[in-house]
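All remarks here apply to the structure that follows.
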Amino acid sequence: MRYAAPTTTDEALELLRSDPDSQVFAGATDLIPQIRAGRPEPSLLVDLKRIERLVAVSHDNGTWTVGAATPTSALTANAEFSSAFPGLSEASGLIGSDQIQNRSSWGGNLCNASPAADSAPALIVNDARAVIAGASGERTAAAADIVTGPGETSLAAGEFIIEFLLDDPPAGSSDAYLRLIPRTEMDIAVVGAAVQLTLDGDRVASAKVALGAVAPTVVRVPGAEAALAGSTLDDDTLAAVSAAASDACNPIDDKRGTIQYRRQVAGVLARRAAQIAAQRARSQPTQGNS
Amino acid sequence: MPRTHALRTQVQCTVNGDEVDFLCADETSLLNALRDELGLTGVKEGCGTGDCGACTILVDGKVNCACLMFAPEAEGSSILTVEGIAQGDELHPLQQTFLEGAALQCGVCTPGFLVAAKALLDENSDPTETEIRYALAGNLCRCTGYDKIIRAVQEAAVQLNGASK
């Protein structure tokens with residue numbers, strides 16, 4: 001393998017064009033273990049971390065721009081970001097140990113395309129968009145449209161994500177992410193559940209619910225979103241959220257959990273995440289800051 | 001994997017305060033470069049996949065697994081390994097409290113624990129037990145158990161705070 005560390009996106013694109021067997025990477029926290037486990041080595045490794053846009057975080061005119069290779073530790077340590085997106089910050093902080101946190105990134109977590117990627121459901125409920133570099137220029141796609149299956153993405157050969165865009169959350173809104181693992185740290189999600197919702201007084205104006213690790217890709221739960229909209233998060237609503245979340249699952253049986261267990265847990269986590277998001281939203285100003 | 005060519009890349013960085021440069025094949029892990037090119041065998045390989053933390057080093061002050069870095073990525077960075085923790089012949093308080101508290105048995109995980117604990121104390125001079133346990137969650141020990149390690153970090157924090165007053 002050869003290693004290259006371009007400092008501009010154009011240079012990176014040229015490297016990718018020059019070698020069809022090239023592979024971009026940010027933290028390599030998935031890539032290196034996969035190569036050690038027998039994945040064929042690429043002939044050219046393109047390290048994206050020396051490109052300024054890939055590791056820059058900014059907040060201007062109501063939009064956050066987060067470089068796709070930004071270490072997740074830089075996001076959890078960013079008080080303004082974590083206050084705006086507490087659930088997304090928590091999800092990002094769950095990717096591995098402190099050692100991993102200094103290398104893991106949204107771009108890597110998403111493009112590795114594990115069904116259990118912790119940041120993916122939280123990015124999706126926050127309507128994150130990915131700015132993608134490619135031979136014919138830049139394009140923007142919803143984060144929800146990047147992963148198409150385990151290990152599979154919609155990115156064309158030679159494309160890579162430069163940065164993610166997130167609009168400021170609407171007034172009176174917040175998010176939450178919960179995951180179940182058998183221990184308290186350092187494991188892969190059995191189920192992950194992300195909820196983003198906006199309150200209008202005591203009622204939920206709108207909500208987004210997404211589940212991880214229960215299907216080949218992250219699944220949105222329209223039934224739970226419809227149940228939440230207009231509700232006061234009463235018991236009947238929360239029961240409907242749980243039922244819809246369990247129904248939306250298409251999980252596998254594996255050593256981390258059975259199909260039945262994953263369905264059950266998805267319902268519980270979706271309900272709890274909705275309650276946490278609502279509690280957080282209530283402490284946000286309901287008008288006047290957007 | 002057969003190597004298709006014998007190209008070697010020159011890497012310049014700072015390791016334990018010294019400017020160094022070494023040559024390596026591009027796919028070399030930083031772990032292997034530190035051990036084989038620079039003789040820093042305090043950096044241990046446990047799992048090789050970033051789970052155990054035995055190869056924990058500081059890169060620009062941040063904990064990293066040396067097994068999860070390609071050596072050329074170290075270009076221009078400042079690296080600290082366990083060999084750089086002591087001041088000459090004087091052990092770092094963490095090294096002393098690990099010794100006095102018998103916070104090791106086989107010792108393979110110890111360098112990684114020492115580096116991760118130093119990173120914690122550099123950022124948080126008075127951590128709670130919970131903070132210590134979370135900060136060391138990326139380091140696995142299969143023989144001592146964790147309690148003695150936690151106590152040693154707590155004692156080192158007390159000593160460091162006493163020395164700074």
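All residue names refer to the structure tokens as shown: chains lettered A, B, ... in order, residues numbered from 1 in each chain, ligands numbered from 1 in order.
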
- Kindly provide, as a ChimeraX atom specification, the residues of chain B having any atom no farther than 9 Å from an atom of chain A, counting only C-alpha atoms. /B:1,3-4,7,9,25-27,48-51,53,56-57,62-65,67-70,72-73,116,134-139

- Message: Using only C-alpha atoms, which protein or nucleic acid residues come within 10 Å of Gly107 (chain B)? Drop anything in the same chain fewer than 4 positions from it, and give the result as number ranges by chain.
- Response: B: 44, 54, 103, 111-113, 141, 143-144

May I have the selected residues written with N, CA and C atoms, as a PDB file, in the first residue's frame?
```
ATOM      1  N   LYS B  44       3.045  -1.531  23.540  1.00  0.00           N
ATOM      2  CA  LYS B  44       2.753  -2.967  23.406  1.00  0.00           C
ATOM      3  C   LYS B  44       1.651  -3.214  22.391  1.00  0.00           C
ATOM      4  N   ALA B  54      -3.355  -1.301  24.867  1.00  0.00           N
ATOM      5  CA  ALA B  54      -1.977  -1.562  25.305  1.00  0.00           C
ATOM      6  C   ALA B  54      -0.975  -0.692  24.551  1.00  0.00           C
ATOM      7  N   ALA B 103      -0.226  -2.141  41.165  1.00  0.00           N
ATOM      8  CA  ALA B 103      -1.305  -1.999  40.191  1.00  0.00           C
ATOM      9  C   ALA B 103      -0.947  -2.673  38.870  1.00  0.00           C
ATOM     10  N   PRO B 111       1.983   0.069  30.330  1.00  0.00           N
ATOM     11  CA  PRO B 111       2.366   1.308  29.631  1.00  0.00           C
ATOM     12  C   PRO B 111       1.162   2.073  29.081  1.00  0.00           C
ATOM     13  N   GLY B 112       0.210   1.335  28.533  1.00  0.00           N
ATOM     14  CA  GLY B 112      -0.980   1.986  27.994  1.00  0.00           C
ATOM     15  C   GLY B 112      -1.796   2.660  29.085  1.00  0.00           C
ATOM     16  N   PHE B 113      -1.929   1.972  30.218  1.00  0.00           N
ATOM     17  CA  PHE B 113      -2.653   2.583  31.339  1.00  0.00           C
ATOM     18  C   PHE B 113      -1.946   3.848  31.825  1.00  0.00           C
ATOM     19  N   CYS B 141      -7.228  -4.716  31.172  1.00  0.00           N
ATOM     20  CA  CYS B 141      -6.271  -5.460  31.987  1.00  0.00           C
ATOM     21  C   CYS B 141      -6.892  -6.811  32.267  1.00  0.00           C
ATOM     22  N   CYS B 143      -5.318  -9.275  34.208  1.00  0.00           N
ATOM     23  CA  CYS B 143      -4.869 -10.011  35.390  1.00  0.00           C
ATOM     24  C   CYS B 143      -4.972  -9.220  36.691  1.00  0.00           C
ATOM     25  N   THR B 144      -4.647  -7.961  36.703  1.00  0.00           N
ATOM     26  CA  THR B 144      -4.668  -7.247  37.992  1.00  0.00           C
ATOM     27  C   THR B 144      -6.092  -6.943  38.437  1.00  0.00           C
TER      28      THR B 144
END
```

- Query: Near Leu31 (chain B), within 7 Å and counting only C-alpha atoms, which residues show up once chain neighbours fewer than 5 positions away are dropped, as number ranges by chain?
  - Reply: B: 43, 55, 66-67

Save the residues we just selected, all heavy atoms, as a PDB file, in the first residue's frame?
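Once written, again-v1.pdb looks like this:
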```pdb
ATOM      1  N   VAL B  43       5.694   0.449  24.008  1.00  0.00           N
ATOM      2  CA  VAL B  43       4.416   0.455  23.288  1.00  0.00           C
ATOM      3  C   VAL B  43       4.093  -0.992  22.942  1.00  0.00           C
ATOM      4  O   VAL B  43       4.818  -1.624  22.182  1.00  0.00           O
ATOM      5  CB  VAL B  43       4.514   1.302  21.998  1.00  0.00           C
ATOM      6  CG1 VAL B  43       3.125   1.522  21.420  1.00  0.00           C
ATOM      7  CG2 VAL B  43       5.174   2.635  22.286  1.00  0.00           C
ATOM      8  N   CYS B  55      -1.343  -0.233  23.363  1.00  0.00           N
ATOM      9  CA  CYS B  55      -0.438   0.582  22.547  1.00  0.00           C
ATOM     10  C   CYS B  55      -0.754   2.070  22.674  1.00  0.00           C
ATOM     11  O   CYS B  55      -0.373   2.853  21.798  1.00  0.00           O
ATOM     12  CB  CYS B  55      -0.535   0.153  21.092  1.00  0.00           C
ATOM     13  SG  CYS B  55      -2.168   0.459  20.376  1.00  0.00           S
ATOM     14  N   ALA B  66      -1.687   3.325  18.918  1.00  0.00           N
ATOM     15  CA  ALA B  66      -0.646   3.348  17.881  1.00  0.00           C
ATOM     16  C   ALA B  66      -0.892   2.270  16.828  1.00  0.00           C
ATOM     17  O   ALA B  66      -0.435   2.396  15.690  1.00  0.00           O
ATOM     18  CB  ALA B  66       0.735   3.157  18.515  1.00  0.00           C
ATOM     19  N   CYS B  67      -1.653   1.232  17.188  1.00  0.00           N
ATOM     20  CA  CYS B  67      -1.932   0.159  16.214  1.00  0.00           C
ATOM     21  C   CYS B  67      -2.920   0.612  15.158  1.00  0.00           C
ATOM     22  O   CYS B  67      -3.045  -0.031  14.124  1.00  0.00           O
ATOM     23  CB  CYS B  67      -2.449  -1.089  16.918  1.00  0.00           C
ATOM     24  SG  CYS B  67      -4.163  -0.981  17.504  1.00  0.00           S
TER      25      CYS B  67
END
```

- Message: Among region 88-159 of chain A, which residues does DSSP mark as helix (DSSP H, G or I) when it is run on the backbone? Keep the chain and numbering as in the structure and answer as a PyMOL selection string.
- Response: chain A and resi 88-93+98-101+106-111+119-125+143-145

Write a file of the just-selected residues containing C-alpha atoms, as a PDB file, in the first residue's frame.
```
ATOM      1  CA  LEU A  88     -26.146  14.013  18.316  1.00  0.00           C
ATOM      2  CA  SER A  89     -23.268  14.956  20.597  1.00  0.00           C
ATOM      3  CA  GLU A  90     -24.001  11.993  22.873  1.00  0.00           C
ATOM      4  CA  ALA A  91     -24.299   9.604  19.950  1.00  0.00           C
ATOM      5  CA  SER A  92     -20.963  10.842  18.595  1.00  0.00           C
ATOM      6  CA  GLY A  93     -19.371  10.371  22.006  1.00  0.00           C
ATOM      7  CA  ASP A  98     -11.227   8.019  24.327  1.00  0.00           C
ATOM      8  CA  GLN A  99      -8.478   6.607  22.106  1.00  0.00           C
ATOM      9  CA  ILE A 100     -11.032   5.932  19.355  1.00  0.00           C
ATOM     10  CA  GLN A 101     -12.831   9.240  19.962  1.00  0.00           C
ATOM     11  CA  TRP A 106     -19.012  11.235  11.182  1.00  0.00           C
ATOM     12  CA  GLY A 107     -17.709  10.669   7.665  1.00  0.00           C
ATOM     13  CA  GLY A 108     -16.011   7.448   8.687  1.00  0.00           C
ATOM     14  CA  ASN A 109     -18.827   6.256  10.921  1.00  0.00           C
ATOM     15  CA  LEU A 110     -21.370   6.803   8.145  1.00  0.00           C
ATOM     16  CA  CYS A 111     -19.310   5.513   5.200  1.00  0.00           C
ATOM     17  CA  SER A 119     -23.905   8.734  14.846  1.00  0.00           C
ATOM     18  CA  ALA A 120     -26.103   7.725  11.890  1.00  0.00           C
ATOM     19  CA  PRO A 121     -29.600   7.762  13.479  1.00  0.00           C
ATOM     20  CA  ALA A 122     -28.815  11.038  15.264  1.00  0.00           C
ATOM     21  CA  LEU A 123     -27.519  12.678  12.068  1.00  0.00           C
ATOM     22  CA  ILE A 124     -30.631  11.538  10.214  1.00  0.00           C
ATOM     23  CA  VAL A 125     -33.211  12.850  12.710  1.00  0.00           C
ATOM     24  CA  ALA A 143     -27.200  11.903   5.354  1.00  0.00           C
ATOM     25  CA  ALA A 144     -30.130   9.480   5.270  1.00  0.00           C
ATOM     26  CA  ASP A 145     -29.339   8.677   1.625  1.00  0.00           C
TER      27      ASP A 145
END
```

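With distances restricted to only C-alpha atoms, B:Ile150 is the closest residue to Thr128 (chain B) from B:Ile150, B:Ala163, B:Leu94, B:Leu140.
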